[in-house]
Amino acid sequence: MELIDFIGIWIAAFLTLCIYSFLYRDNPFYRFAEHLFVGMSVGYTITISIYQGFIPFAWEPFWEAIKPFWPGVPREAGWSGLWKLIPIGIGLLFFGGVSPRYTWLIRYPSAILIGLGAGLAIPNVLRADIFEQTRGTVEPFASINAGTLSIWGILGAILMVVGVVCTLIYFYFSVEHRGPVNWLSKVGIAFLMIGFGSAFGNTVMGRVALLIQRVDFLINDWIGSFGALF
Amino acid sequence: MLSKLINLDRRIIFILVALAVIIPTLLPLNLPINVSNPTQRIYDYIDTLPAGSTIMIAFDYGPSSMPELNPMAKAVLRHCFDKKVRVIGMTLYPFAPTLADTLIKEVAEEKGAVNGEDYVFLGFRPGYEQVMLRMGTSIASAFEKDYTNTPLTEIPMMKDITNYDQIDLILDLASGSTTQIWITYVNVKYSQQIAAGVTGVIVSNMYPYLQTKQLIGLMPGYLGASEYEKLIGVPEKGTEGINNASPVHVLIFVLVVIGNTVFFIQRRREE
């Protein structure tokens, strides 16, 4: 084992144990690891954003655009790059927020972002999450009509429609929940609870996976590295 | 007895959970793994692709989701390289580039895959839908260079790949909402086939898309990883993980039952 790997494993093991020490109670070791994690995450994100976002999409286009006007650079390099200054300029308006006097400048890039985002999202989201899901809910009935669905498939299709309708009724507040509406909304609650139970079970699986990986690391990598000490 | 259970120190539960993880790690279980239909569908899709096809793998997760998603990524990469399916790696997640690059190189070295010919890793670009939509027109407009700063025009395997038209499948390995964004913008707009491997935390949100075939397949957490490892015949971290997770799942099930039983008994007594 190389020295750098050995040191890395020991630092990782120390920080893992610092974090898990919180299970006993809050303590300085936990807080040290927590602060280190937050600081490193922010630093890493900023660095990555600068090198893979800011430099290729703002800094380099900016220099390309103004290069033809730089002393010593032939003018025939062209003016066509100048259009790249427009989005960069609009982006710079976000910095209006640092001065209370110019905060209003933020409205322009915000309006463009919101308008562009909504324009892109509305048709696609409607199709992906409303039309396709509605089609998916009723489509099995075409198979029932064609006689190609098994008895379990038919039950599943009916159950799905009942679940969708009852859950929607639960969230429908324009009618008072009394009588049949109340009963249907209670069925909707049952479907919601099953959904939450499934989400909880899967969340447990995900969280346990993190614990298993750390225990695996501590037992196999960290304790395994003890041999290199002697 | 009841009051003891109600006032049970939570640290005892932590110790029980720790033991339920440590013991199977030291004494491995070999529980049978049954491959579910959603995982099988991803395997079958990749398995039937002809040599020279291309799949794009989006590594949309960070180190905190590595235990579940790295085994999936490894298994799929092994499958692709064995089948001579070319792989384009990329990420929309700032924490992913280093781990994805390391992982691809590791599997490529094991399988003798060559960078630039059998695979390429494009790295990270900020912006989700903007990057996806730009790649729909031209991948090079979103990623002018790959992760090693080689221009895409100089990479042999990218010479005949311009946009999604030349990509047979996008596999999103995700710990957040990126799969829904891939579906919304790339499946809807470009009719691109999409599959997903996701963490257990978000898998419930994905099943509606699977049912409508907006996802051609789905790998759920450790379970999906272990199933794919079984399909390619290389049991590794996913298989170990699901074997170690099973006793904890049983323990948590028992604790939930005990907790609810105690709750209802106590409520009845109070009434």
# chains A, B, ... in the order shown; residues from 1 in each chain; ligands from 1

call {"tool": "closest_atom_pairs", "arguments": {"of": "chain A", "to": "chain B", "cutoff": "8 Å", "atoms": "only C-alpha atoms", "output": "CSV"}}
result
residue,atom,partner,partner_atom,distance
A:Leu23,CA,B:Arg11,CA,7.0
A:Tyr24,CA,B:Arg11,CA,6.7
A:Tyr44,CA,B:Phe95,CA,7.8
A:Thr45,CA,B:Pro94,CA,6.2
A:Ile48,CA,B:Pro94,CA,6.4
A:Ser49,CA,B:Pro126,CA,7.2
A:Gln52,CA,B:Arg125,CA,6.1
A:Gly53,CA,B:Pro126,CA,5.9
A:Asn124,CA,B:Thr184,CA,5.6
A:Val125,CA,B:Thr184,CA,5.8
A:Arg127,CA,B:Val188,CA,7.2
A:Ala128,CA,B:Thr184,CA,5.4
A:Asp129,CA,B:Thr184,CA,7.8
A:Glu132,CA,B:Thr212,CA,6.8
A:Gln133,CA,B:Thr212,CA,6.6
A:Arg135,CA,B:Thr212,CA,7.6
A:Gly136,CA,B:Thr212,CA,4.8
A:Gly195,CA,B:Ser204,CA,7.8
A:Ser198,CA,B:Ser204,CA,6.8
A:Ala199,CA,B:Ser204,CA,5.6
A:Phe200,CA,B:Val201,CA,7.8
A:Asn202,CA,B:Gly200,CA,4.6
A:Thr203,CA,B:Val201,CA,4.1
A:Val204,CA,B:Val201,CA,7.6
A:Met205,CA,B:Gly200,CA,5.8
A:Gly206,CA,B:Gly200,CA,4.5
A:Arg207,CA,B:Val201,CA,7.9
A:Val208,CA,B:Ala245,CA,6.6
A:Ala209,CA,B:Pro67,CA,6.2
A:Leu210,CA,B:Pro67,CA,6.1
A:Leu211,CA,B:Val21,CA,7.8
A:Ile212,CA,B:Val21,CA,6.2
A:Gln213,CA,B:Pro67,CA,5.8
A:Val215,CA,B:Ile22,CA,6.7
A:Asp216,CA,B:Thr25,CA,6.7

call {"tool": "residues_around", "arguments": {"residues": "Phe29 of chain A", "least_positions_apart": "5", "cutoff": "9 Å", "atoms": "only C-alpha atoms", "output": "PyMOL selection string"}}
result
chain A and resi 15+17-19+21-22+34

call {"tool": "write_last_selection", "arguments": {"atoms": "C-alpha atoms", "output": "mmCIF file, in the first residue's frame"}}
result
data_model
loop_
_atom_site.group_PDB
_atom_site.id
_atom_site.type_symbol
_atom_site.label_atom_id
_atom_site.label_comp_id
_atom_site.auth_asym_id
_atom_site.auth_seq_id
_atom_site.Cartn_x
_atom_site.Cartn_y
_atom_site.Cartn_z
ATOM 1 C CA LEU A 15 -13.749 11.522 9.839
ATOM 2 C CA LEU A 17 -15.835 7.872 13.255
ATOM 3 C CA CYS A 18 -16.145 11.599 14.058
ATOM 4 C CA ILE A 19 -19.484 11.720 12.232
ATOM 5 C CA SER A 21 -19.831 9.795 17.261
ATOM 6 C CA PHE A 22 -22.947 12.001 16.990
ATOM 7 C CA GLU A 34 -19.313 18.604 9.906
#

call {"tool": "atom_distance", "arguments": {"atom1": "atom CA of Arg86 of chain B", "atom2": "atom CA of Ala73 of chain B"}}
result
14.2 Å

call {"tool": "select_by_dssp", "arguments": {"residues": "segment 19-244 of chain B", "states": "strand (DSSP E or B)", "output": "MDAnalysis selection string"}}
result
chainID B and resid 54:60 86:91 115 119:124 145 151 169:174 194:198 218:220

call {"tool": "closest_residue", "arguments": {"among": "B:Ile170, B:Leu152, B:Ile33, B:Leu19", "to": "Ile55 of chain B", "atoms": "only C-alpha atoms"}}
result
B:Ile170

call {"tool": "residues_around", "arguments": {"residues": "Ala157 of chain A", "least_positions_apart": "2", "cutoff": "8 Å", "atoms": "only C-alpha atoms", "output": "list in words"}}
result
Thr137, Val138, Pro140, Phe141, Gly153, Ile154, Leu155, Leu159, Met160 and Val161 of chain A

call {"tool": "closest_residue", "arguments": {"among": "B:His79, B:Pro63, B:Pro28, B:Tyr128", "to": "Ile46 of chain B", "atoms": "only C-alpha atoms"}}
result
B:His79

call {"tool": "residues_around", "arguments": {"residues": "Lys84 of chain A", "least_positions_apart": "2", "cutoff": "9 Å", "atoms": "only C-alpha atoms", "output": "PyMOL selection string"}}
result
chain A and resi 58+61-62+64-65+80-82+86-89

call {"tool": "residues_around", "arguments": {"residues": "segment 231-236 of chain B", "least_positions_apart": "6", "cutoff": "8 Å", "atoms": "only C-alpha atoms", "output": "list in words"}}
result
Val35, Gln40, Tyr43, Pro71, Ala75 and His79 of chain B

call {"tool": "write_last_selection", "arguments": {"atoms": "N, CA and C atoms", "output": "PDB file, in the first residue's frame"}}
result
ATOM      1  N   VAL B  35     -33.897 -11.578 -10.330  1.00  0.00           N
ATOM      2  CA  VAL B  35     -33.828 -10.373 -11.162  1.00  0.00           C
ATOM      3  C   VAL B  35     -35.241  -9.875 -11.463  1.00  0.00           C
ATOM      4  N   GLN B  40     -34.094  -6.303 -15.716  1.00  0.00           N
ATOM      5  CA  GLN B  40     -33.920  -7.204 -16.862  1.00  0.00           C
ATOM      6  C   GLN B  40     -34.101  -6.447 -18.180  1.00  0.00           C
ATOM      7  N   TYR B  43     -30.946  -4.600 -19.074  1.00  0.00           N
ATOM      8  CA  TYR B  43     -29.933  -5.575 -19.521  1.00  0.00           C
ATOM      9  C   TYR B  43     -30.238  -6.054 -20.939  1.00  0.00           C
ATOM     10  N   PRO B  71     -21.838   0.619  -7.874  1.00  0.00           N
ATOM     11  CA  PRO B  71     -21.921  -0.774  -8.341  1.00  0.00           C
ATOM     12  C   PRO B  71     -22.746  -0.922  -9.631  1.00  0.00           C
ATOM     13  N   ALA B  75     -21.276  -2.277 -13.200  1.00  0.00           N
ATOM     14  CA  ALA B  75     -21.876  -3.442 -13.865  1.00  0.00           C
ATOM     15  C   ALA B  75     -22.278  -3.086 -15.301  1.00  0.00           C
ATOM     16  N   HIS B  79     -20.714  -4.484 -18.875  1.00  0.00           N
ATOM     17  CA  HIS B  79     -21.584  -5.069 -19.892  1.00  0.00           C
ATOM     18  C   HIS B  79     -21.346  -4.392 -21.246  1.00  0.00           C
TER      19      HIS B  79
END

call {"tool": "select_by_dssp", "arguments": {"residues": "segment 108-238 of chain B", "states": "helix (DSSP H, G or I)", "output": "PyMOL selection string"}}
result
chain B and resi 108-111+129-137+139-142+152-154+156-158+164-166+178-190+200-211+221-232+237-238

call {"tool": "write_last_selection", "arguments": {"atoms": "C-alpha atoms", "output": "compact mmCIF listing (two decimals), in the first residue's frame"}}
result
# COMPACT_ATOMS: atom_id res chain seq x y z
CA ALA B 108 -11.93 0.44 -18.98
CA GLU B 109 -8.51 -0.75 -17.79
CA GLU B 110 -10.03 -4.03 -16.62
CA LYS B 111 -11.78 -4.59 -19.96
CA GLU B 129 -32.25 21.40 -19.13
CA GLN B 130 -30.01 23.87 -20.97
CA VAL B 131 -27.27 21.23 -21.34
CA MET B 132 -29.76 18.54 -22.32
CA LEU B 133 -31.39 20.73 -24.96
CA ARG B 134 -28.05 21.89 -26.36
CA MET B 135 -26.92 18.27 -26.75
CA GLY B 136 -30.10 17.64 -28.73
CA THR B 137 -28.73 20.00 -31.37
CA ILE B 139 -23.16 17.59 -28.13
CA ALA B 140 -20.13 19.73 -29.00
CA SER B 141 -22.11 22.90 -28.29
CA ALA B 142 -22.51 21.80 -24.68
CA LEU B 152 -14.40 16.66 -29.33
CA THR B 153 -13.36 17.10 -32.97
CA GLU B 154 -10.10 15.26 -32.18
CA PRO B 156 -12.19 9.38 -32.93
CA MET B 157 -15.43 7.96 -31.50
CA MET B 158 -17.10 11.39 -31.53
CA TYR B 164 -29.03 12.21 -29.65
CA ASP B 165 -29.75 10.75 -33.11
CA GLN B 166 -26.57 8.70 -32.85
CA THR B 178 -32.36 14.60 -12.98
CA THR B 179 -34.15 11.52 -14.32
CA GLN B 180 -37.42 13.45 -14.45
CA ILE B 181 -35.63 16.28 -16.28
CA TRP B 182 -34.12 13.83 -18.80
CA ILE B 183 -37.61 12.42 -19.39
CA THR B 184 -39.25 15.83 -19.63
CA TYR B 185 -36.79 17.37 -22.07
CA VAL B 186 -35.03 14.56 -23.89
CA ASN B 187 -37.56 11.74 -24.00
CA VAL B 188 -40.47 14.06 -24.83
CA LYS B 189 -38.67 16.40 -27.24
CA TYR B 190 -36.27 14.00 -28.95
CA GLY B 200 -33.64 3.92 -2.93
CA VAL B 201 -34.72 7.32 -1.65
CA ILE B 202 -36.17 8.43 -5.01
CA VAL B 203 -37.12 5.15 -6.63
CA SER B 204 -40.81 5.47 -5.69
CA ASN B 205 -41.03 8.61 -7.85
CA MET B 206 -39.75 6.70 -10.86
CA TYR B 207 -42.29 3.86 -11.10
CA PRO B 208 -44.99 5.97 -12.83
CA TYR B 209 -42.51 6.64 -15.68
CA LEU B 210 -41.66 2.97 -15.89
CA GLN B 211 -45.32 2.02 -16.17
CA GLY B 221 -30.63 1.11 -5.35
CA TYR B 222 -28.54 -1.81 -4.06
CA LEU B 223 -31.19 -4.19 -5.31
CA GLY B 224 -30.83 -3.03 -8.91
CA ALA B 225 -27.04 -3.16 -8.68
CA SER B 226 -27.09 -6.71 -7.33
CA GLU B 227 -29.54 -7.81 -10.03
CA TYR B 228 -27.42 -6.36 -12.82
CA GLU B 229 -24.31 -7.96 -11.32
CA LYS B 230 -26.13 -11.30 -11.37
CA LEU B 231 -27.10 -10.79 -15.01
CA ILE B 232 -23.51 -10.14 -16.10
CA LYS B 237 -20.34 -4.62 -4.12
CA GLY B 238 -24.03 -4.52 -5.08

call {"tool": "residues_around", "arguments": {"residues": "segment 115-120 of chain B", "least_positions_apart": "5", "cutoff": "12 Å", "atoms": "only C-alpha atoms", "output": "JSON, numbers by chain"}}
result
{"B": [51, 52, 53, 54, 55, 56, 57, 77, 78, 80, 81, 82, 83, 84, 85, 86, 87, 88, 89, 90, 100, 101, 104, 105, 106, 107, 108, 109, 143, 145, 146, 147, 148, 149, 150, 151, 152, 153, 154, 155, 156, 157, 158, 159, 160, 161]}
